[in-house]
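> Handing you a structure now.
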Amino acid sequence: MVHSMTGYGRAMQSLNGKEITVELRSVNNRFLDCNVKMPRAFSYAEDPVKQAVKQAVCRGKVDVFITIQITAEENVQVRLNRPVLEGYLKALQTIAADYPVRDDISATSLTRFPDVFLVQKEEEDEERNVADILCVAKEAISAYNAMRQTEGAAMVCDLKNRAATILDYVSRIEARSPQTVQEYRLRLENKLREVLENTAIDESRILTEAAIFADKVCVDEETVRLRSHLDQLETLLNGGGAIGRKLDFLLQEMNRESNTIGSKCNDLELTRYVVEIKSELEKIREQIQNIE
């Protein structure tokens with residue numbers, strides 16, 4: 001399937017006491033550029049998330065936003081730091097004994113000193129956290145790819161319609177081009193009759209001039225190559241995958257052929273056909289800038 005480079009996906013799950021939300025947004029870019037924004041406490045999961053994105057996306061600027069809310073009660077233990085507490089107590093007792101101050105030592109006053117308590121939290125299970133985050137991230141990536149695939153299918157339909165329009169104009173050019181040679185021959189013959197009046201006209205000279213003109217305006221090679229490029233376009237669109245760069249190169253070749261046809265033709269109708277082809281090619285160029 002063909003995928004657009006722009007898309008959005010979101011997923012949220014509650015896993016192991018955490019509410020995890022993952023959002024992906026992307027725009028077109030020449031290469032894959034993935035940025036992950038998440039709480040610093042879980043930054044160890046950033047690289048695994050990037051790897052998950054790289055496995056699913058080939059091109060585009062992808063921003064991943066991860067929020068994590070702790071919903072379970074934390075297992076916290078508070079203990080007295082006895083060596084520190086006894087040090088403070090001994091120092092206060094010394095002050096009360098050596099200086100004329102009121103001895104108002106209390107448990108409450110002792111708790112105001114730093115490091116009197118030791119707070120111990122349950123150690124984080126990083127492997128489990130990474131697995132939980134990746135679980136939600138992959139669900140968000142799946143939703144994101146589904147949206148990109150829908151947009152890609154719409155672009156494929158549009159590109160095929162425009163390719164069919166170009167092919168129609170190519171057929172008109174192929175039908176019209178031989179007529180321009182015959183019309184040139186008639187104009188040349190009439191012009192010579194006007195100039196030479198009653199003098200006999202050299203038919204071989206007219207044929208030679210018509211042949212030279214036909215060679216100069218012949219676009220058979222260009223139209224054949226243009227048809228071949230259109231066939232390749234159809235094949236790439238049907239095959240799917242990461243075809244954006246191939247389409248970009250193919251479009252350059254199609255533009256080259258249309259420019260050559262335009263430089264060879266000196267017929268108003270043919271010129272109009274070339275202008276229409278170039279217009280469709282420009283619209284195709286705009287579309288493929290957003291194809292992965």
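Every chain in the structure tokens has a letter given in the order shown (A, B, ...), and although residue numbers restart at 1 in each chain, ligands are simply numbered from 1 in the order shown.
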Report as a list of chain:residue names all protein, DNA and RNA residues lying within 7 Å of stretch 145-148 of chain A, evaluated on only C-alpha atoms, omitting residues in the same chain fewer than 2 positions from it.

A:His3, A:Ser4, A:Met5, A:Thr6, A:Gly7, A:Tyr8, A:Ile141, A:Ser142, A:Ala143, A:Thr150, A:Glu151, A:Gly152

> Using C-alpha atoms, can you export the residues from the last selection as a CSV table (one decimal), in the first residue's frame?


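Okay, again-v5.csv is ready:
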```csv
chain,number,residue,atom,x,y,z
A,3,HIS,CA,1.3,5.7,2.5
A,4,SER,CA,1.1,9.5,3.0
A,5,MET,CA,3.8,11.1,5.0
A,6,THR,CA,1.3,13.1,7.0
A,7,GLY,CA,-0.8,11.4,9.6
A,8,TYR,CA,-2.0,11.3,13.2
A,141,ILE,CA,1.5,3.6,15.4
A,142,SER,CA,-1.1,1.2,14.0
A,143,ALA,CA,-3.8,4.0,14.2
A,150,THR,CA,-6.3,6.1,3.8
A,151,GLU,CA,-4.7,9.3,2.6
A,152,GLY,CA,-2.3,7.3,0.4
```

> Can you tell me, as a count of residues only, which residues in stretch 52-285 of chain A count as helix (DSSP H, G or I) by DSSP?

172

> So which one's closest to A:Gln55, A:Lys138, A:Arg30, A:Arg102, A:Arg227? Using only C-alpha atoms, please.

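For A:Gln55, the nearest of the candidates is A:Lys138.
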
> Select, from A:Ile166, A:Leu24, A:Leu250, A:Leu237, the residue with the minimum atom-to-atom distance to A:Glu276, counting only C-alpha atoms.

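Going through A:Ile166, A:Leu24, A:Leu250, A:Leu237 one by one, the smallest distance to A:Glu276 is for A:Ile166.
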
> In terms of the shortest atom-to-atom distance over only C-alpha atoms, which of A:Lys283, A:Arg176, A:Arg225, A:Arg59 is closest to A:Glu269?

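With only C-alpha atoms as the atom set, the closest residue is A:Arg176.
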
> Kindly indicate which residue among A:Arg285, A:Lys264, A:Lys18, A:Arg272 lies nearest to A:Leu247, using only C-alpha atoms for the distances.

A:Arg285

> Hey, can you check how far atom CA of A:Val219 sits from atom CA of A:Tyr273?

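Result for atom CA of A:Val219 versus atom CA of A:Tyr273: 13.0 Å, one decimal.
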